[in-house]
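First the structure, in the form of structure tokens, and then the observations on it.
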Amino acid sequence: MAEAANNETGQTKPRKVKYRKSKASWNPAMQAVPIPGIRRMVNMAATMKDVIHLSIGQPDLPTPKHIIDAYIDALNAGQTGYTMDAGLPELLVALRDYYGKRYNRRLTRDNILITSGATEAMYLAISATSAPGRQFIVTDPSFLLYAPLIRMNGGEVKFVPTRAENNHQLDPDEVIRAMGARTFALILNNPNNPTGAVYPRSTVETILEECAYRGVQVYADEVYDHLIFDDDDFASVLNCSMDLDNIMCISSFSKTYSMAGLRVGWVISSQAAIKSLRRYHMFTTSVANTPSQFAGVAALTGDQQCVKDMVDIYRERRDKVVELIDQTPYLTGYKPGGAFFAFPDLPPHVDGSDLSLRMLKETGVCVVPGDAFGEHCTNAVRISFSTTCEKLEEAFDRIIPWMAKQQF
Ligand SMILES: Cc1ncc(COP(=O)(O)O)c(C=O)c1O
């Protein structure tokens, strides 16, 4: 407290100083960024002991050693400066060759931009194009980044729901019916977070054909493109579309090679689009992490057995979680074909957010409430199987008797 002189006595006495509360001067667009639905859960979990997390959104398996070695070798070789703005030339070539071979598609280095994870790639693609009057079609539920980014930049989100009873498959007719005069773009996340749904070739081709016909942009988020359990044929937009004029295909090393913290992703598109995004990229993150890009070259050019081994582990966990959800009262599951998530429904009137909080408090198992991912899925929860089968069993040993006691 400050001291003020008393005019009459000349003595000093403490005076209360009023501090003006600083008024937040954020850009109003920040209002489009929600308080993450998962935060309440994670904050509470942090105060508890013996929590089993089925809320994890990143791989728990270790990064293969040859990738770590390449990262360390790059550091030891003094590779600590900036790369070219489009990315490390060796990585651009490796990606060009890798995608060329995988999808039999001719690409050049100029079709590719290396970013700080798929997150930056999505940020660049959406914020460079979202604007008032432009409508983006997004599945509901969807990965929590898309809608806020679209809205922050003045664009409008139109949700197309997917449903557990339909294995969260996307109905191409429903997507096409949702398109109108204002539709500017579609966000296609395949395999999907939070549902684990993998869209078959017929769905992707039908949607892409309509988008090409209408001139609708397609932003495809394919970060889980290797974590596929039942199909050998993955319908990437890169081998379902005639040309890349209206396509941006986004992916990263995060999930396939357990490299989420190394932060390397990319966008593949027409040379013209990459040229514009490259300029924007220089004004955002400038370049991706240099040693991580060397690690990425090692990932792409090294033995792919490590990916097969990881997919086998995730498949076993997927089968386990499907079995456990089936045994759980009030949960309606399905078989997710990819990624490492299941998104079972609760009865229609049950609030998933309320249930998740109570379940965490009373059983110590942390899942993510469905409303973190959209508007139509408040009676669902996301269960991640990026954890061992033993942990899954332990978690459901707690969940199943607890759910049986609920009176919905
Ligand atoms: C669907 C989806 N897209 C993008 C990302 C972000 O990936 P990255 O680590 O490459 O930024 C995630 C991460 O959870 C995701 O689930």
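Residues in the structure tokens are named by chain (A, B, ... in the order shown) and by number from 1 within that chain; ligands are numbered from 1 in the order shown.
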Exercise for review: Would you mind listing what lies within 10 Å of Leu124 in chain A as number ranges by chain, with only C-alpha atoms counted and same-chain residues fewer than 2 positions away left out?
Suggested key: A: 115, 118-122, 126-129, 149, 267, 276-278, 280-281, 284
Dump N, CA and C atoms for the selected residues as a PDB file, in the first residue's frame?
```
ATOM      1  N   THR A 115       6.454 -27.896 -43.133  1.00  0.00           N
ATOM      2  CA  THR A 115       5.936 -27.005 -42.088  1.00  0.00           C
ATOM      3  C   THR A 115       6.266 -27.557 -40.695  1.00  0.00           C
ATOM      4  N   ALA A 118       1.705 -30.889 -39.001  1.00  0.00           N
ATOM      5  CA  ALA A 118       0.481 -30.698 -39.789  1.00  0.00           C
ATOM      6  C   ALA A 118      -0.304 -29.511 -39.238  1.00  0.00           C
ATOM      7  N   THR A 119      -0.085 -29.201 -37.977  1.00  0.00           N
ATOM      8  CA  THR A 119      -0.797 -28.068 -37.370  1.00  0.00           C
ATOM      9  C   THR A 119      -0.489 -26.775 -38.118  1.00  0.00           C
ATOM     10  N   GLU A 120       0.789 -26.539 -38.383  1.00  0.00           N
ATOM     11  CA  GLU A 120       1.107 -25.317 -39.128  1.00  0.00           C
ATOM     12  C   GLU A 120       0.555 -25.388 -40.549  1.00  0.00           C
ATOM     13  N   ALA A 121       0.635 -26.564 -41.147  1.00  0.00           N
ATOM     14  CA  ALA A 121       0.133 -26.716 -42.519  1.00  0.00           C
ATOM     15  C   ALA A 121      -1.356 -26.362 -42.575  1.00  0.00           C
ATOM     16  N   MET A 122      -2.116 -26.875 -41.593  1.00  0.00           N
ATOM     17  CA  MET A 122      -3.555 -26.575 -41.535  1.00  0.00           C
ATOM     18  C   MET A 122      -3.780 -25.090 -41.279  1.00  0.00           C
ATOM     19  N   ILE A 126      -5.859 -22.874 -43.911  1.00  0.00           N
ATOM     20  CA  ILE A 126      -7.163 -22.307 -43.536  1.00  0.00           C
ATOM     21  C   ILE A 126      -7.078 -20.796 -43.393  1.00  0.00           C
ATOM     22  N   SER A 127      -6.064 -20.316 -42.667  1.00  0.00           N
ATOM     23  CA  SER A 127      -6.079 -18.874 -42.405  1.00  0.00           C
ATOM     24  C   SER A 127      -5.730 -18.065 -43.653  1.00  0.00           C
ATOM     25  N   ALA A 128      -5.089 -18.704 -44.631  1.00  0.00           N
ATOM     26  CA  ALA A 128      -4.792 -17.973 -45.874  1.00  0.00           C
ATOM     27  C   ALA A 128      -6.015 -17.900 -46.786  1.00  0.00           C
ATOM     28  N   THR A 129      -7.058 -18.676 -46.470  1.00  0.00           N
ATOM     29  CA  THR A 129      -8.196 -18.708 -47.407  1.00  0.00           C
ATOM     30  C   THR A 129      -9.540 -18.424 -46.747  1.00  0.00           C
ATOM     31  N   LEU A 149     -10.207 -22.104 -36.406  1.00  0.00           N
ATOM     32  CA  LEU A 149      -9.358 -21.414 -37.390  1.00  0.00           C
ATOM     33  C   LEU A 149     -10.195 -20.791 -38.502  1.00  0.00           C
ATOM     34  N   VAL A 267       2.601 -29.743 -46.663  1.00  0.00           N
ATOM     35  CA  VAL A 267       1.434 -29.587 -47.536  1.00  0.00           C
ATOM     36  C   VAL A 267       1.881 -29.986 -48.927  1.00  0.00           C
ATOM     37  N   SER A 276       2.304 -19.523 -52.951  1.00  0.00           N
ATOM     38  CA  SER A 276       1.655 -18.563 -52.044  1.00  0.00           C
ATOM     39  C   SER A 276       1.834 -18.977 -50.589  1.00  0.00           C
ATOM     40  N   LEU A 277       1.641 -20.265 -50.310  1.00  0.00           N
ATOM     41  CA  LEU A 277       1.762 -20.734 -48.924  1.00  0.00           C
ATOM     42  C   LEU A 277       3.191 -20.567 -48.418  1.00  0.00           C
ATOM     43  N   ARG A 278       4.137 -20.718 -49.316  1.00  0.00           N
ATOM     44  CA  ARG A 278       5.551 -20.602 -48.949  1.00  0.00           C
ATOM     45  C   ARG A 278       5.851 -19.180 -48.455  1.00  0.00           C
ATOM     46  N   TYR A 280       3.681 -17.120 -47.135  1.00  0.00           N
ATOM     47  CA  TYR A 280       2.997 -16.956 -45.854  1.00  0.00           C
ATOM     48  C   TYR A 280       3.784 -17.663 -44.739  1.00  0.00           C
ATOM     49  N   HIS A 281       4.263 -18.855 -45.061  1.00  0.00           N
ATOM     50  CA  HIS A 281       5.057 -19.664 -44.115  1.00  0.00           C
ATOM     51  C   HIS A 281       6.279 -18.874 -43.611  1.00  0.00           C
ATOM     52  N   THR A 284       5.322 -16.708 -40.824  1.00  0.00           N
ATOM     53  CA  THR A 284       4.747 -17.315 -39.621  1.00  0.00           C
ATOM     54  C   THR A 284       5.843 -18.018 -38.824  1.00  0.00           C
TER      55      THR A 284
END
```
Practice item. Pick out the residues no farther than 7 Å from ligand 1, counting only C-alpha atoms and all ligand atoms, and list them as a PyMOL selection string. Key: chain A and resi 57-58+116-120+143+189+192-193+221+223+251-254+260+263-265
Tell me which protein, DNA and RNA residues are within 12 Å of Lys405 in chain A, counting only C-alpha atoms, leaving out same-chain ones fewer than 3 positions away, and put them as a PDB file with C-alpha atoms, in the first residue's frame.
```pdb
ATOM      1  CA  THR A 328     -19.532 -51.814 -21.072  1.00  0.00           C
ATOM      2  CA  PRO A 329     -23.110 -50.996 -20.108  1.00  0.00           C
ATOM      3  CA  TYR A 330     -24.551 -47.901 -21.858  1.00  0.00           C
ATOM      4  CA  MET A 359     -16.005 -40.939 -14.142  1.00  0.00           C
ATOM      5  CA  GLU A 362     -14.910 -41.683  -9.109  1.00  0.00           C
ATOM      6  CA  ARG A 398     -12.819 -49.709 -13.281  1.00  0.00           C
ATOM      7  CA  ILE A 399     -15.214 -48.338 -15.923  1.00  0.00           C
ATOM      8  CA  ILE A 400     -17.457 -51.390 -16.437  1.00  0.00           C
ATOM      9  CA  PRO A 401     -18.703 -51.825 -12.806  1.00  0.00           C
ATOM     10  CA  TRP A 402     -19.004 -48.042 -12.451  1.00  0.00           C
ATOM     11  CA  PHE A 408     -29.674 -43.364 -17.053  1.00  0.00           C
TER      12      PHE A 408
END
```
Review point. Near Pro369 in chain A, counting only C-alpha atoms, which residues have an atom at most 12 Å away, once you skip same-chain residues fewer than 4 positions from it, shown as a PyMOL selection string?
Key: chain A and resi 36-42+54-55+141+194+342-346+350-360+373-375+377-384
Exercise for review: Just the residues within 12 Å of range 65-78 of chain A, please, counting only C-alpha atoms, with nothing from its chain fewer than 4 positions along; format it as a PyMOL selection string.
Suggested key: chain A and resi 61+82+253+257-259+261-262+289-306
Exercise for review: May I have the residues within 7 Å of Cys249 in chain A as JSON, numbers by chain, using only C-alpha atoms and disregarding those fewer than 6 positions away in the same chain?
Suggested key: {"A": [219, 220, 221, 237, 267, 268, 269]}
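Checking A:Ala185, A:Ile207, A:Glu390, A:Asp173 one by one against Val157 in chain A, counting only C-alpha atoms, you find the shortest gap at A:Ala185.
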Practice item. Calculate how many Å separate CA of Gly364 in chain A from CA of Val51 in chain A, rounding to one decimal. Key: 4.6 Å
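Separating CA of Met403 in chain A from CA of Ile325 in chain A is a distance of 11.1 Å.
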**Study point:** Residue contacts of His53 in chain A (10 Å, only C-alpha atoms) excluding same-chain residues fewer than 3 positions away, as number ranges by chain
**Key:** A: 42, 45, 50, 56, 360, 364-368, 383-387, 391-392, 395
Practice item. Give me every alpha helix (DSSP H) residue in range 29-94 of chain A, going by DSSP on the backbone, as number ranges by chain. Key: A: 37-46, 65-76, 89-94
Identify all residues of range 227-400 of chain A in strand (DSSP E) (DSSP on the backbone) and supply them as an mmCIF file with C-alpha atoms, in the first residue's frame.
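As a result, selection_14.cif now contains:
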```
data_model
loop_
_atom_site.group_PDB
_atom_site.id
_atom_site.type_symbol
_atom_site.label_atom_id
_atom_site.label_comp_id
_atom_site.auth_asym_id
_atom_site.auth_seq_id
_atom_site.Cartn_x
_atom_site.Cartn_y
_atom_site.Cartn_z
ATOM 1 C CA ILE A 247 -6.435 -29.967 -53.362
ATOM 2 C CA MET A 248 -4.141 -29.453 -50.399
ATOM 3 C CA CYS A 249 -2.976 -32.707 -48.885
ATOM 4 C CA ILE A 250 -1.569 -32.306 -45.381
ATOM 5 C CA SER A 251 0.337 -34.816 -43.329
ATOM 6 C CA SER A 252 3.258 -35.169 -40.932
ATOM 7 C CA GLY A 265 4.688 -31.793 -41.413
ATOM 8 C CA TRP A 266 3.937 -30.753 -44.986
ATOM 9 C CA VAL A 267 1.434 -29.587 -47.536
ATOM 10 C CA ILE A 268 1.255 -31.024 -51.039
ATOM 11 C CA PHE A 341 -9.353 -43.542 -31.170
ATOM 12 C CA ALA A 342 -12.812 -44.950 -30.549
ATOM 13 C CA VAL A 365 -10.029 -42.964 -15.709
ATOM 14 C CA CYS A 366 -9.672 -39.943 -17.985
ATOM 15 C CA VAL A 368 -12.303 -36.828 -23.536
ATOM 16 C CA PRO A 369 -15.944 -35.689 -23.714
ATOM 17 C CA VAL A 381 -16.665 -39.826 -25.370
ATOM 18 C CA ARG A 382 -13.317 -40.257 -27.095
ATOM 19 C CA ILE A 383 -11.274 -43.200 -25.895
ATOM 20 C CA SER A 384 -7.661 -43.266 -27.015
#
```
Review point. Looking at only C-alpha atoms, which of A:Phe184, A:Tyr224, A:Tyr334, A:Phe283 is the one that sits closest to Asn167 in chain A?
Key: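 Using only C-alpha atoms, Asn167 in chain A sits closest to A:Tyr334.
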Study note, to complete from the structure: Students should find that CA of Ala339 in chain A and CA of Asp309 in chain A are spaced 14.6 Å
What are the closest atom pairs, with distances in Å to one decimal, for all residues of range 170-274 of chain A lying within 9 Å of range 94-105 of chain A? Consider only C-alpha atoms, order rows by chain and residue number, and present the result as a Markdown table.
```
| residue | atom | partner | partner_atom | distance |
| --- | --- | --- | --- | --- |
| A:Ser236 | CA | A:Tyr103 | CA | 8.1 |
| A:Leu238 | CA | A:Tyr103 | CA | 6.8 |
| A:Asn239 | CA | A:Tyr103 | CA | 5.5 |
```
Using C-alpha atoms, can you write the selected residues to a file as an mmCIF file, in the first residue's frame?
```cif
data_model
loop_
_atom_site.group_PDB
_atom_site.id
_atom_site.type_symbol
_atom_site.label_atom_id
_atom_site.label_comp_id
_atom_site.auth_asym_id
_atom_site.auth_seq_id
_atom_site.Cartn_x
_atom_site.Cartn_y
_atom_site.Cartn_z
ATOM 1 C CA SER A 236 -5.558 -40.584 -50.274
ATOM 2 C CA LEU A 238 -3.402 -37.740 -53.902
ATOM 3 C CA ASN A 239 -4.527 -40.811 -55.778
#
```
